[in-house]
$ cat run_2.cif   # mmCIF, C-alpha atoms and all ligand atoms
data_structure
#
loop_
_atom_site.label_atom_id
_atom_site.label_comp_id
_atom_site.auth_asym_id
_atom_site.auth_seq_id
_atom_site.Cartn_x
_atom_site.Cartn_y
_atom_site.Cartn_z
CA MET A 12 -82.78 132.02 -228.09
CA LEU A 13 -80.36 130.50 -225.60
CA ILE A 14 -76.84 130.60 -226.97
CA VAL A 15 -73.76 128.88 -225.53
CA LYS A 16 -70.50 130.41 -226.77
CA LYS A 17 -67.12 128.88 -225.94
CA PHE A 18 -63.81 130.70 -226.40
CA GLY A 19 -60.44 128.95 -226.26
CA GLY A 20 -57.28 130.17 -224.55
CA SER A 21 -55.84 132.12 -227.48
CA SER A 22 -59.17 133.96 -227.89
CA VAL A 23 -58.90 135.43 -224.37
CA ALA A 24 -55.09 135.68 -224.22
CA ASP A 25 -54.88 139.39 -223.35
CA LYS A 26 -56.93 142.47 -222.42
CA GLU A 27 -57.68 143.42 -226.01
CA ARG A 28 -58.96 139.95 -226.86
CA ILE A 29 -61.01 139.74 -223.66
CA PHE A 30 -62.80 142.95 -224.66
CA ARG A 31 -63.26 141.73 -228.22
CA VAL A 32 -64.94 138.56 -226.91
CA ALA A 33 -66.98 140.56 -224.39
CA LYS A 34 -68.33 142.80 -227.16
CA ARG A 35 -69.19 139.86 -229.38
CA CYS A 36 -71.18 138.24 -226.55
CA ILE A 37 -72.87 141.54 -225.69
CA GLU A 38 -74.12 141.82 -229.30
CA ASP A 39 -76.06 138.58 -228.86
CA TYR A 40 -77.27 139.67 -225.44
CA ARG A 41 -78.51 143.04 -226.70
CA ALA A 42 -80.31 141.25 -229.55
CA GLY A 43 -82.48 139.69 -226.83
CA ASN A 44 -80.80 136.31 -226.38
CA ASP A 45 -79.84 134.46 -223.22
CA VAL A 46 -76.05 134.07 -223.38
CA VAL A 47 -73.84 131.57 -221.55
CA VAL A 48 -70.11 131.96 -222.19
CA VAL A 49 -67.66 129.13 -221.47
CA LEU A 50 -63.98 130.07 -221.27
CA SER A 51 -60.60 128.33 -221.23
CA ALA A 52 -57.64 129.70 -219.30
CA MET A 53 -55.90 132.71 -220.88
CA GLY A 54 -53.23 131.93 -223.49
CA ASP A 55 -50.70 129.38 -222.27
CA THR A 56 -51.77 129.60 -218.62
CA THR A 57 -52.44 125.86 -218.28
CA ASP A 58 -48.98 124.96 -219.64
CA GLU A 59 -47.36 127.54 -217.37
CA LEU A 60 -49.16 126.19 -214.31
CA LEU A 61 -48.05 122.66 -215.21
CA ALA A 62 -44.45 123.87 -215.52
CA LYS A 63 -44.68 125.56 -212.09
CA ALA A 64 -45.98 122.35 -210.54
CA LYS A 65 -43.20 120.30 -212.13
CA ASP A 66 -40.62 122.71 -210.77
CA ILE A 67 -41.92 122.30 -207.22
CA ASN A 68 -42.62 118.57 -207.38
CA PRO A 69 -42.28 116.46 -210.54
CA ASN A 70 -44.39 113.76 -208.85
CA ALA A 71 -47.24 115.99 -207.70
CA THR A 72 -50.50 114.13 -207.14
CA LYS A 73 -53.19 114.48 -209.76
CA ARG A 74 -55.50 115.93 -207.12
CA GLU A 75 -53.16 118.82 -206.39
CA LEU A 76 -52.51 119.34 -210.11
CA ASP A 77 -56.25 119.72 -210.69
CA MET A 78 -56.55 122.10 -207.76
CA LEU A 79 -53.86 124.20 -209.46
CA LEU A 80 -55.03 123.93 -213.08
CA THR A 81 -58.62 124.90 -212.31
CA THR A 82 -57.40 128.31 -211.16
CA GLY A 83 -56.56 129.19 -214.79
CA GLU A 84 -60.18 129.15 -215.89
CA GLN A 85 -61.23 131.02 -212.76
CA ILE A 86 -58.99 133.93 -213.78
CA SER A 87 -60.42 134.20 -217.29
CA VAL A 88 -64.10 134.02 -216.27
CA SER A 89 -63.79 136.65 -213.54
CA LEU A 90 -61.88 139.03 -215.82
CA MET A 91 -64.46 138.48 -218.57
CA ALA A 92 -67.36 139.29 -216.22
CA MET A 93 -65.49 142.44 -215.11
CA ALA A 94 -64.95 143.45 -218.75
CA MET A 95 -68.66 142.99 -219.51
CA ASN A 96 -69.62 144.93 -216.38
CA SER A 97 -67.32 147.76 -217.44
CA LEU A 98 -69.20 147.88 -220.74
CA GLY A 99 -72.42 148.39 -218.80
CA VAL A 100 -73.78 144.84 -219.04
CA PRO A 101 -74.75 142.69 -216.04
CA ALA A 102 -72.59 139.56 -216.06
CA ILE A 103 -71.59 136.96 -213.47
CA SER A 104 -68.80 134.41 -213.45
CA LEU A 105 -69.38 130.92 -212.04
CA ASN A 106 -67.05 127.97 -211.47
CA ALA A 107 -67.82 124.24 -211.46
CA PHE A 108 -68.64 124.29 -207.76
CA GLN A 109 -71.12 127.12 -208.07
CA VAL A 110 -72.87 125.67 -211.12
CA GLU A 111 -72.67 122.17 -209.64
CA MET A 112 -70.98 120.42 -212.52
CA HIS A 113 -70.61 116.93 -211.10
CA SER A 114 -67.89 114.71 -212.50
CA THR A 115 -66.39 111.28 -211.92
CA SER A 116 -63.53 111.21 -209.41
CA CYS A 117 -60.73 110.53 -211.92
CA TYR A 118 -58.41 113.54 -211.45
CA GLY A 119 -56.90 114.82 -214.68
CA ASN A 120 -59.32 112.92 -216.87
CA ALA A 121 -62.78 113.25 -215.31
CA ARG A 122 -66.09 112.87 -217.14
CA PHE A 123 -69.25 114.80 -216.41
CA LYS A 124 -71.98 112.89 -214.60
CA LYS A 125 -74.57 115.62 -214.14
CA ILE A 126 -74.74 119.36 -214.71
CA ASP A 127 -77.19 121.29 -212.60
CA SER A 128 -78.98 123.89 -214.70
CA GLU A 129 -80.68 125.72 -211.81
CA ARG A 130 -78.04 128.30 -210.93
CA ILE A 131 -77.25 129.23 -214.54
CA GLN A 132 -80.97 129.47 -215.32
CA HIS A 133 -81.54 131.67 -212.28
CA GLU A 134 -78.80 134.08 -213.38
CA LEU A 135 -80.12 134.12 -216.96
CA ASP A 136 -83.60 134.86 -215.65
CA SER A 137 -82.21 137.88 -213.84
CA LYS A 138 -80.90 139.07 -217.22
CA LYS A 139 -77.19 138.44 -216.73
CA ILE A 140 -74.65 137.04 -219.13
CA VAL A 141 -73.32 133.94 -217.38
CA VAL A 142 -69.60 133.24 -217.76
CA VAL A 143 -68.65 129.68 -216.79
CA THR A 144 -65.25 128.02 -216.26
CA GLY A 145 -64.47 125.36 -218.85
CA PHE A 146 -62.35 122.25 -218.27
CA GLN A 147 -63.38 121.63 -214.64
CA GLY A 148 -65.79 119.54 -212.58
CA VAL A 149 -66.38 118.66 -208.95
CA ASN A 150 -66.27 115.03 -207.77
CA LYS A 151 -68.02 113.18 -204.96
CA TYR A 152 -65.29 114.20 -202.50
CA GLU A 153 -66.08 117.84 -203.34
CA ASP A 154 -62.67 118.15 -205.01
CA TYR A 155 -62.01 119.92 -208.27
CA THR A 156 -61.26 117.69 -211.24
CA THR A 157 -60.20 118.49 -214.81
CA LEU A 158 -61.56 116.89 -217.96
CA GLY A 159 -58.27 116.35 -219.85
CA ARG A 160 -56.43 118.85 -222.05
CA GLY A 161 -58.78 120.75 -224.33
CA GLY A 162 -61.73 119.86 -222.12
CA SER A 163 -63.46 123.26 -222.21
CA ASP A 164 -65.20 122.24 -225.43
CA THR A 165 -66.85 119.45 -223.47
CA THR A 166 -68.03 121.88 -220.78
CA ALA A 167 -69.72 123.98 -223.48
CA VAL A 168 -71.51 121.00 -225.00
CA ALA A 169 -72.53 119.64 -221.58
CA ILE A 170 -74.05 123.01 -220.63
CA ALA A 171 -75.76 123.32 -224.02
CA ALA A 172 -77.28 119.86 -223.51
CA ALA A 173 -78.32 120.52 -219.90
CA LEU A 174 -79.99 123.85 -220.77
CA HIS A 175 -81.40 122.68 -224.11
CA ALA A 176 -79.59 125.58 -225.79
CA ASP A 177 -80.60 126.61 -229.30
CA SER A 178 -77.02 126.95 -230.41
CA CYS A 179 -73.54 125.91 -229.27
CA GLU A 180 -70.72 127.90 -230.86
CA ILE A 181 -67.05 126.99 -230.40
CA TYR A 182 -64.78 129.97 -231.14
CA THR A 183 -61.11 129.31 -231.77
CA ASP A 184 -58.02 130.61 -233.57
CA VAL A 185 -58.76 129.03 -236.98
CA ASP A 186 -61.79 129.61 -239.24
CA GLY A 187 -63.31 126.16 -238.75
CA ILE A 188 -62.53 122.48 -239.18
CA TYR A 189 -60.14 121.79 -242.03
CA THR A 190 -59.16 118.68 -244.00
CA ALA A 191 -55.91 118.77 -241.95
CA ASP A 192 -54.30 121.07 -239.38
CA PRO A 193 -53.97 124.30 -241.40
CA ARG A 194 -50.80 125.17 -239.49
CA VAL A 195 -49.03 122.10 -240.86
CA VAL A 196 -50.79 121.73 -244.21
CA PRO A 197 -51.06 125.23 -245.71
CA ASN A 198 -53.41 124.18 -248.54
CA ALA A 199 -55.86 122.41 -246.18
CA ARG A 200 -59.47 123.15 -247.09
CA LYS A 201 -62.15 124.34 -244.68
CA LEU A 202 -65.14 121.99 -244.45
CA THR A 203 -68.66 123.45 -244.53
CA GLU A 204 -69.95 120.57 -242.45
CA ILE A 205 -68.77 117.28 -240.97
CA SER A 206 -70.64 114.39 -239.32
CA TYR A 207 -70.31 113.60 -235.61
CA ASP A 208 -68.76 110.22 -236.42
CA GLU A 209 -66.06 111.60 -238.67
CA MET A 210 -65.28 114.47 -236.29
CA LEU A 211 -65.15 112.05 -233.36
CA GLU A 212 -62.53 109.96 -235.18
CA LEU A 213 -60.50 113.05 -236.16
CA ALA A 214 -60.64 114.45 -232.61
CA SER A 215 -59.69 111.11 -231.06
CA LEU A 216 -56.81 110.73 -233.51
CA GLY A 217 -55.18 114.03 -232.63
CA ALA A 218 -57.00 116.90 -234.41
CA ARG A 219 -57.19 119.03 -231.30
CA VAL A 220 -59.63 121.57 -232.76
CA LEU A 221 -62.37 119.83 -230.70
CA HIS A 222 -62.03 117.74 -227.53
CA ASN A 223 -63.13 114.23 -228.47
CA ARG A 224 -65.57 113.92 -225.54
CA SER A 225 -67.31 117.10 -226.66
CA VAL A 226 -68.12 115.44 -229.98
CA GLU A 227 -69.20 112.23 -228.26
CA MET A 228 -71.53 114.21 -226.02
CA ALA A 229 -72.84 116.40 -228.86
CA LYS A 230 -73.78 113.26 -230.77
CA LYS A 231 -75.41 111.66 -227.74
CA TYR A 232 -77.57 114.67 -226.92
CA GLY A 233 -78.07 115.93 -230.48
CA VAL A 234 -76.26 119.24 -229.88
CA GLN A 235 -75.34 120.79 -233.22
CA LEU A 236 -71.95 122.51 -233.03
CA VAL A 237 -70.50 125.37 -235.00
CA VAL A 238 -66.71 125.80 -234.96
CA ARG A 239 -65.57 129.26 -236.07
CA SER A 240 -63.01 131.99 -235.58
CA SER A 241 -63.04 134.42 -232.68
CA LEU A 242 -60.94 136.83 -234.77
CA ASN A 243 -63.23 137.31 -237.80
CA ARG A 244 -66.84 136.78 -238.92
CA THR A 245 -66.19 134.02 -241.47
CA GLU A 246 -68.77 131.22 -241.41
CA GLY A 247 -67.37 128.21 -239.63
CA THR A 248 -67.93 124.45 -239.86
CA ILE A 249 -71.10 122.72 -238.66
CA VAL A 250 -70.77 119.39 -236.84
CA LYS A 251 -74.00 117.39 -237.02
CA GLU A 252 -75.54 113.95 -237.47
CA VAL A 253 -75.92 113.62 -241.21
CA VAL A 254 -73.99 115.55 -243.74
CA LYS A 255 -75.84 116.26 -246.95
CA MET A 256 -72.76 117.01 -249.01
CA GLU A 257 -71.57 114.38 -251.41
CA LYS A 258 -69.53 111.97 -249.36
CA LEU A 259 -65.82 112.40 -249.89
CA LEU A 260 -63.70 109.29 -249.81
CA VAL A 261 -61.55 110.89 -247.14
CA SER A 262 -62.74 113.93 -245.21
CA GLY A 263 -59.68 114.63 -243.09
CA VAL A 264 -56.17 113.77 -241.97
CA ALA A 265 -54.99 113.91 -238.35
CA THR A 266 -51.70 113.32 -236.56
CA ASP A 267 -50.80 112.56 -232.98
CA LYS A 268 -47.25 113.00 -231.73
CA ASN A 269 -48.16 112.02 -228.18
CA THR A 270 -47.53 108.38 -229.07
CA ALA A 271 -44.93 105.82 -228.05
CA ARG A 272 -44.40 102.18 -229.04
CA ILE A 273 -43.66 99.33 -226.65
CA SER A 274 -42.58 95.83 -227.73
CA VAL A 275 -42.71 92.84 -225.42
CA ILE A 276 -40.36 90.19 -226.78
CA GLY A 277 -40.28 86.42 -226.39
CA ILE A 278 -43.58 85.90 -224.58
CA GLU A 279 -45.07 82.39 -224.47
CA ASP A 280 -47.19 81.54 -227.50
CA LYS A 281 -50.23 80.13 -225.69
CA PRO A 282 -53.79 81.23 -224.84
CA GLY A 283 -54.19 83.85 -222.11
CA VAL A 284 -50.83 85.63 -222.37
CA ALA A 285 -52.10 88.59 -224.39
CA PHE A 286 -55.09 88.83 -222.09
CA ARG A 287 -52.87 89.01 -219.02
CA ILE A 288 -50.56 91.65 -220.50
CA PHE A 289 -53.33 94.01 -221.60
CA ASN A 290 -55.44 93.34 -218.54
CA THR A 291 -52.51 94.28 -216.30
CA LEU A 292 -52.12 97.58 -218.18
CA ALA A 293 -55.87 98.29 -218.30
CA ARG A 294 -56.22 97.80 -214.55
CA LYS A 295 -53.69 100.61 -214.11
CA ASN A 296 -55.63 102.87 -216.50
CA ILE A 297 -53.11 102.61 -219.35
CA ASN A 298 -54.88 102.95 -222.67
CA VAL A 299 -53.43 100.80 -225.44
CA ASP A 300 -53.99 101.75 -229.04
CA ILE A 301 -52.56 99.94 -232.09
CA ILE A 302 -51.59 96.32 -231.39
CA LEU A 303 -49.44 94.15 -233.63
CA GLN A 304 -48.61 90.52 -232.83
CA SER A 305 -45.90 88.59 -234.62
CA VAL A 306 -46.43 85.04 -235.87
CA GLY A 307 -45.25 82.61 -233.20
CA ARG A 308 -41.96 80.76 -233.60
CA ASP A 309 -40.37 78.14 -231.29
CA GLY A 310 -43.21 78.56 -228.82
CA THR A 311 -42.69 82.31 -228.37
CA LYS A 312 -43.97 85.48 -229.99
CA ASP A 313 -43.64 89.28 -229.76
CA ILE A 314 -46.36 91.89 -229.33
CA SER A 315 -45.89 95.58 -230.13
CA PHE A 316 -48.41 98.23 -229.16
CA THR A 317 -48.73 101.97 -228.79
CA VAL A 318 -49.62 104.03 -225.72
CA ALA A 319 -49.79 107.77 -225.12
CA GLU A 320 -46.26 109.11 -224.61
CA ASP A 321 -47.40 110.53 -221.26
CA ASP A 322 -48.06 106.95 -220.09
CA ILE A 323 -44.83 105.34 -221.27
CA THR A 324 -42.95 105.46 -217.94
CA ASP A 325 -45.89 103.99 -216.03
CA ALA A 326 -46.51 101.33 -218.70
CA ILE A 327 -42.89 100.14 -218.69
CA ARG A 328 -42.73 100.12 -214.90
CA ILE A 329 -45.89 98.01 -214.70
CA LEU A 330 -44.59 95.56 -217.30
CA GLU A 331 -41.19 95.33 -215.58
CA GLU A 332 -42.87 94.63 -212.23
CA ASN A 333 -44.84 91.77 -213.81
CA LYS A 334 -42.19 90.61 -216.28
CA GLU A 335 -41.93 87.02 -215.05
CA ALA A 336 -45.64 86.46 -214.52
CA LEU A 337 -46.29 87.76 -218.04
CA THR A 338 -43.50 85.54 -219.50
CA ILE A 339 -41.76 88.59 -221.05
CA LYS A 340 -38.06 88.11 -221.97
CA GLU A 341 -37.36 91.69 -223.04
CA ILE A 342 -39.17 95.05 -223.16
CA LYS A 343 -38.26 97.60 -225.83
CA HIS A 344 -39.69 101.04 -226.42
CA LYS A 345 -39.47 103.93 -228.87
CA GLU A 346 -40.82 107.41 -228.16
CA ASP A 347 -40.05 109.31 -231.36
CA VAL A 348 -42.98 107.85 -233.29
CA ALA A 349 -46.26 109.49 -234.32
CA LYS A 350 -49.63 108.39 -235.65
CA LEU A 351 -51.04 109.54 -238.96
CA SER A 352 -54.69 108.81 -239.69
CA ILE A 353 -57.14 109.37 -242.50
CA VAL A 354 -60.86 109.50 -241.74
CA GLY A 355 -63.84 109.32 -244.07
CA ALA A 356 -67.28 107.73 -244.05
CA GLY A 357 -66.79 107.19 -247.79
CA MET A 358 -64.00 104.65 -247.33
CA MET A 359 -66.41 102.09 -245.87
CA SER A 360 -67.40 100.79 -249.29
CA ASN A 361 -64.17 101.53 -251.11
CA PRO A 362 -61.43 98.90 -251.13
CA GLY A 363 -58.56 100.90 -252.63
CA VAL A 364 -58.18 103.55 -249.93
CA ALA A 365 -55.45 101.89 -247.86
CA ALA A 366 -53.34 101.25 -250.96
CA GLN A 367 -53.76 104.89 -252.02
CA MET A 368 -52.54 106.05 -248.60
CA PHE A 369 -49.54 103.70 -248.65
CA GLU A 370 -48.66 104.84 -252.17
CA ALA A 371 -48.57 108.48 -251.06
CA LEU A 372 -46.28 107.53 -248.16
CA TYR A 373 -44.07 105.43 -250.46
CA ASN A 374 -43.73 108.34 -252.89
CA ALA A 375 -42.70 110.58 -249.98
CA GLY A 376 -40.17 107.97 -248.81
CA VAL A 377 -41.91 107.50 -245.45
CA ASN A 378 -41.60 104.11 -243.79
CA ILE A 379 -44.63 102.58 -242.02
CA ASN A 380 -44.07 100.94 -238.60
CA MET A 381 -47.56 99.71 -237.79
CA ILE A 382 -51.02 99.82 -239.37
CA SER A 383 -54.51 99.75 -237.89
CA THR A 384 -57.89 100.19 -239.56
CA SER A 385 -61.58 100.60 -238.73
CA GLU A 386 -64.62 101.11 -240.96
CA ILE A 387 -64.01 104.82 -241.43
CA ARG A 388 -60.34 105.22 -240.49
CA ILE A 389 -56.84 104.04 -241.38
CA THR A 390 -53.96 104.78 -238.99
CA VAL A 391 -50.25 104.24 -239.56
CA LEU A 392 -47.38 104.67 -237.13
CA VAL A 393 -44.34 106.47 -238.59
CA ASP A 394 -41.13 108.02 -237.26
CA GLU A 395 -41.90 111.37 -235.63
CA HIS A 396 -39.44 113.30 -237.81
CA ASP A 397 -41.43 112.18 -240.88
CA ILE A 398 -44.87 113.11 -239.57
CA ASP A 399 -45.48 116.60 -241.01
CA ARG A 400 -44.13 115.60 -244.41
CA ALA A 401 -46.21 112.39 -244.29
CA MET A 402 -49.34 114.39 -243.47
CA ARG A 403 -48.83 116.74 -246.41
CA ALA A 404 -48.09 113.81 -248.77
CA VAL A 405 -51.22 111.90 -247.79
CA HIS A 406 -53.36 115.05 -247.86
CA ASP A 407 -52.16 115.78 -251.40
CA GLY A 408 -52.38 112.11 -252.38
CA PHE A 409 -56.14 112.20 -251.81
CA GLY A 410 -56.47 115.56 -253.53
CA LEU A 411 -57.86 117.19 -250.38
CA GLY A 412 -56.16 120.55 -250.78
CA ASP A 413 -57.41 123.74 -252.34
P1 LIG A 501 -58.66 126.57 -228.44
O1 LIG A 501 -57.67 127.14 -227.48
O2 LIG A 501 -59.49 127.61 -229.11
O3 LIG A 501 -59.47 125.46 -227.86
P2 LIG A 501 -56.98 124.62 -229.76
O4 LIG A 501 -55.54 124.94 -229.86
O5 LIG A 501 -57.42 123.64 -228.73
O6 LIG A 501 -57.78 125.99 -229.63
O7 LIG A 501 -57.52 124.08 -231.18
C1 LIG A 501 -57.35 124.84 -232.34
C2 LIG A 501 -56.14 124.32 -233.12
O8 LIG A 501 -56.41 123.02 -233.62
C3 LIG A 501 -55.82 125.11 -234.36
O9 LIG A 501 -55.00 126.22 -234.07
C4 LIG A 501 -55.13 124.09 -235.26
O10 LIG A 501 -53.73 124.24 -235.27
C5 LIG A 501 -55.46 122.74 -234.63
N1 LIG A 501 -56.04 121.76 -235.57
C6 LIG A 501 -55.64 120.47 -235.69
N2 LIG A 501 -56.34 119.84 -236.64
C7 LIG A 501 -57.21 120.74 -237.15
C8 LIG A 501 -58.22 120.68 -238.17
N3 LIG A 501 -58.46 119.55 -238.85
N4 LIG A 501 -58.92 121.80 -238.44
C9 LIG A 501 -58.70 122.93 -237.75
N5 LIG A 501 -57.76 123.06 -236.78
C10 LIG A 501 -57.01 121.97 -236.47
N1 LIG A 502 -57.15 125.25 -220.40
C1 LIG A 502 -57.30 123.84 -220.68
C2 LIG A 502 -56.15 123.34 -221.54
O1 LIG A 502 -55.26 124.10 -221.87
C3 LIG A 502 -58.64 123.51 -221.28
C4 LIG A 502 -58.89 123.99 -222.69
O2 LIG A 502 -58.13 124.77 -223.25
O3 LIG A 502 -59.90 123.57 -223.26
O4 LIG A 502 -56.11 122.18 -221.84
MG MG A 503 -59.09 123.44 -227.51
#

$ encode --input "run_2.cif" --output "structure tokens"
Amino acid sequence: MLIVKKFGGSSVADKERIFRVAKRCIEDYRAGNDVVVVLSAMGDTTDELLAKAKDINPNATKRELDMLLTTGEQISVSLMAMAMNSLGVPAISLNAFQVEMHSTSCYGNARFKKIDSERIQHELDSKKIVVVTGFQGVNKYEDYTTLGRGGSDTTAVAIAAALHADSCEIYTDVDGIYTADPRVVPNARKLTEISYDEMLELASLGARVLHNRSVEMAKKYGVQLVVRSSLNRTEGTIVKEVVKMEKLLVSGVATDKNTARISVIGIEDKPGVAFRIFNTLARKNINVDIILQSVGRDGTKDISFTVAEDDITDAIRILEENKEALTIKEIKHKEDVAKLSIVGAGMMSNPGVAAQMFEALYNAGVNINMISTSEIRITVLVDEHDIDRAMRAVHDGFGLGD
């Protein structure tokens, strides 16, 4: 069997944990399997590197940031290979350049284009455990890129797809995928399995247990994922195409605090204005999420929308620069807001779900700022100081807890 095992930052945070992971991988190796290990940077390394960069230059280019951030994963893979070697097992560490993991050029948010399997296969054939850097790629300028925060999951899935691995295991600091973040909702329940579509929604809406692109890619290439703990042997959660369990109305709740709201006030109420506003933002790579337009009055209207909090300064600057052309009278913004979403394939054919969610929020005294829905998801925007309480109320409101 060819097994891809990915370990997150907390799983390799110190010497003891590195050796624990090394031993776990060696077990599979000694059982006769080919083993590829994908690692994140140790502990909070990525955050610490970002803080260092900010201290030197708050406006550092994304290229230089990626050059810096990719060093984090290089530390963990080399130390892991050394640990395995010290336990008498042949192991080799490889980075994105050595494997030839080609990505798009977008620094800080690159996507894989092609992963070369030759080098990894060659090392596996010579009976080594191969330890690969997560989170990084190389673009057409031969520069390092990163895949966005949490991107090591995507590296693992991409390698599993490229090598046609028999299994892709994502090891983390919780026992699997829960109905809500178990750190915020103590009675959250661990799911035995979840479908790609539901997991993709949860991951995109803020459940950081899996990088959303990793789920997208797993679905595309039919890679079945197992999410489980690196600290114990408990069975984890399987992410796959169809889930045989009885469909729950709601399978999970997710929150995203990295959200801000912008309102453009007094814009002309005529065709093409909304197009020009959102096109201007899109051309500058600003992703817009929930959009709410007021009913026009006296020839003008207002539009409110959410963006990632990281993008708020850029978004406002771009709108200010184009204020007249976009007929905007006033721009307002609010950063202390957060998104709360419920996800479930079962809600597709069930009309009462939104009302049930709003009732739970009403009972908890939480005010809703904006609402957006899709076939298998309902998202509301609430004040950030309400978010954890709102999550617990909605989770309990649907009876998801243990
Ligand atoms: P790693 O470093 O292993 O990649 P992450 O911090 O990226 O770990 O992801 C694991 C974290 O995701 C957990 O510690 C947990 O707090 C959070 N999380 C959010 N939503 C969920 C969920 N629905 N199920 C499990 N964990 C979740
Ligand atoms: N080290 C990177 C991060 O902190 C990638 C990852 O953890 O998946 O975002
Ligand atoms: Mg992660």

$ atom_distance --input "run_2.cif" --atom1 "CA of Leu202 (chain A)" --atom2 "CA of Phe123 (chain A)"
29.2 Å

$ residues_near_ligand --input "run_2.cif" --ligand "ligand LIG 501 (chain A)" --cutoff "6 Å" --atoms "all atoms listed in the file" --output "ChimeraX atom specification"
/A:18-21,161,183-185,187-192,194,218-220

$ residues_near_ligand --input "run_2.cif" --ligand "ligand MG 503 (chain A)" --cutoff "12 Å" --atoms "only C-alpha atoms and all ligand atoms" --output "PyMOL selection string"
chain A and resi 17-22+49-55+57+145-146+158-167+181-185+214+217-225+238

$ residues_near_point --input "run_2.cif" --point "(-61.3, 122.2, -247.9)" --cutoff "12 Å" --atoms "all atoms listed in the file" --output "short mmCIF file (atom, residue, chain, number, x, y, z; two decimals) with C-alpha atoms, in the coordinates of the input"
data_model
loop_
_atom_site.label_atom_id
_atom_site.label_comp_id
_atom_site.auth_asym_id
_atom_site.auth_seq_id
_atom_site.Cartn_x
_atom_site.Cartn_y
_atom_site.Cartn_z
CA ASP A 186 -61.79 129.61 -239.24
CA GLY A 187 -63.31 126.16 -238.75
CA ILE A 188 -62.53 122.48 -239.18
CA TYR A 189 -60.14 121.79 -242.03
CA THR A 190 -59.16 118.68 -244.00
CA ALA A 191 -55.91 118.77 -241.95
CA ASP A 192 -54.30 121.07 -239.38
CA PRO A 193 -53.97 124.30 -241.40
CA VAL A 196 -50.79 121.73 -244.21
CA PRO A 197 -51.06 125.23 -245.71
CA ASN A 198 -53.41 124.18 -248.54
CA ALA A 199 -55.86 122.41 -246.18
CA ARG A 200 -59.47 123.15 -247.09
CA LYS A 201 -62.15 124.34 -244.68
CA LEU A 202 -65.14 121.99 -244.45
CA THR A 203 -68.66 123.45 -244.53
CA GLU A 204 -69.95 120.57 -242.45
CA ILE A 205 -68.77 117.28 -240.97
CA GLY A 247 -67.37 128.21 -239.63
CA THR A 248 -67.93 124.45 -239.86
CA LEU A 259 -65.82 112.40 -249.89
CA VAL A 261 -61.55 110.89 -247.14
CA SER A 262 -62.74 113.93 -245.21
CA GLY A 263 -59.68 114.63 -243.09
CA VAL A 264 -56.17 113.77 -241.97
CA HIS A 406 -53.36 115.05 -247.86
CA ASP A 407 -52.16 115.78 -251.40
CA PHE A 409 -56.14 112.20 -251.81
CA GLY A 410 -56.47 115.56 -253.53
CA LEU A 411 -57.86 117.19 -250.38
CA GLY A 412 -56.16 120.55 -250.78
CA ASP A 413 -57.41 123.74 -252.34
#

$ closest_residue --input "run_2.cif" --among "A:Leu79, A:Val46, A:Ser137, A:Lys26" --to "ligand LIG 502 (chain A)" --atoms "all atoms listed in the file"
A:Leu79

$ atom_distance --input "run_2.cif" --atom1 "CA of Val318 (chain A)" --atom2 "CA of Glu386 (chain A)"
21.6 Å

$ closest_residue --input "run_2.cif" --among "A:Asp66, A:Asp397, A:Glu320, A:Glu84" --to "ligand LIG 502 (chain A)" --atoms "only C-alpha atoms and all ligand atoms"
A:Glu84

$ closest_residue --input "run_2.cif" --among "A:Leu60, A:Met12, A:Ile353, A:Ile323" --to "ligand LIG 502 (chain A)" --atoms "only C-alpha atoms and all ligand atoms"
A:Leu60

$ atom_distance --input "run_2.cif" --atom1 "CA of Ile140 (chain A)" --atom2 "CA of Ser97 (chain A)"
13.1 Å

$ closest_residue --input "run_2.cif" --among "A:Ala375, A:Ile37, A:Met358, A:Ile276" --to "Thr338 (chain A)" --atoms "all atoms listed in the file"
A:Ile276

$ closest_residue --input "run_2.cif" --among "A:Val47, A:Leu292, A:Val168, A:Ala92" --to "Arg130 (chain A)" --atoms "all atoms listed in the file"
A:Val47

$ axis_aligned_box --input "run_2.cif" --around "ligand LIG 502 (chain A)" --padding-each-side "6 Å" --output "AutoDock Vina command-line options"
--center_x -57.6 --center_y 123.7 --center_z -221.8 --size_x 16.6 --size_y 15.1 --size_z 14.9

$ closest_residue --input "run_2.cif" --among "A:Thr311, A:Thr390, A:Ser178, A:Asn298" --to "Ile249 (chain A)" --atoms "all atoms listed in the file"
A:Ser178

$ residues_around --input "run_2.cif" --residues "Ile273 (chain A)" --least-positions-apart "3" --cutoff "9 Å" --atoms "all atoms listed in the file" --output "list in words"
Ile314, Ser315, Phe316, Thr317, Val318, Ile323, Ala326, Ile327, Ile342, Lys343, His344, Lys345 and Glu346 of chain A

$ residues_around --input "run_2.cif" --residues "Ile389 (chain A)" --least-positions-apart "5" --cutoff "10 Å" --atoms "only C-alpha atoms" --output "list in words"
Val264, Leu351, Ser352, Ile353, Val354, Gly355, Met358, Val364, Ala365, Met368, Ile382, Ser383 and Thr384 of chain A
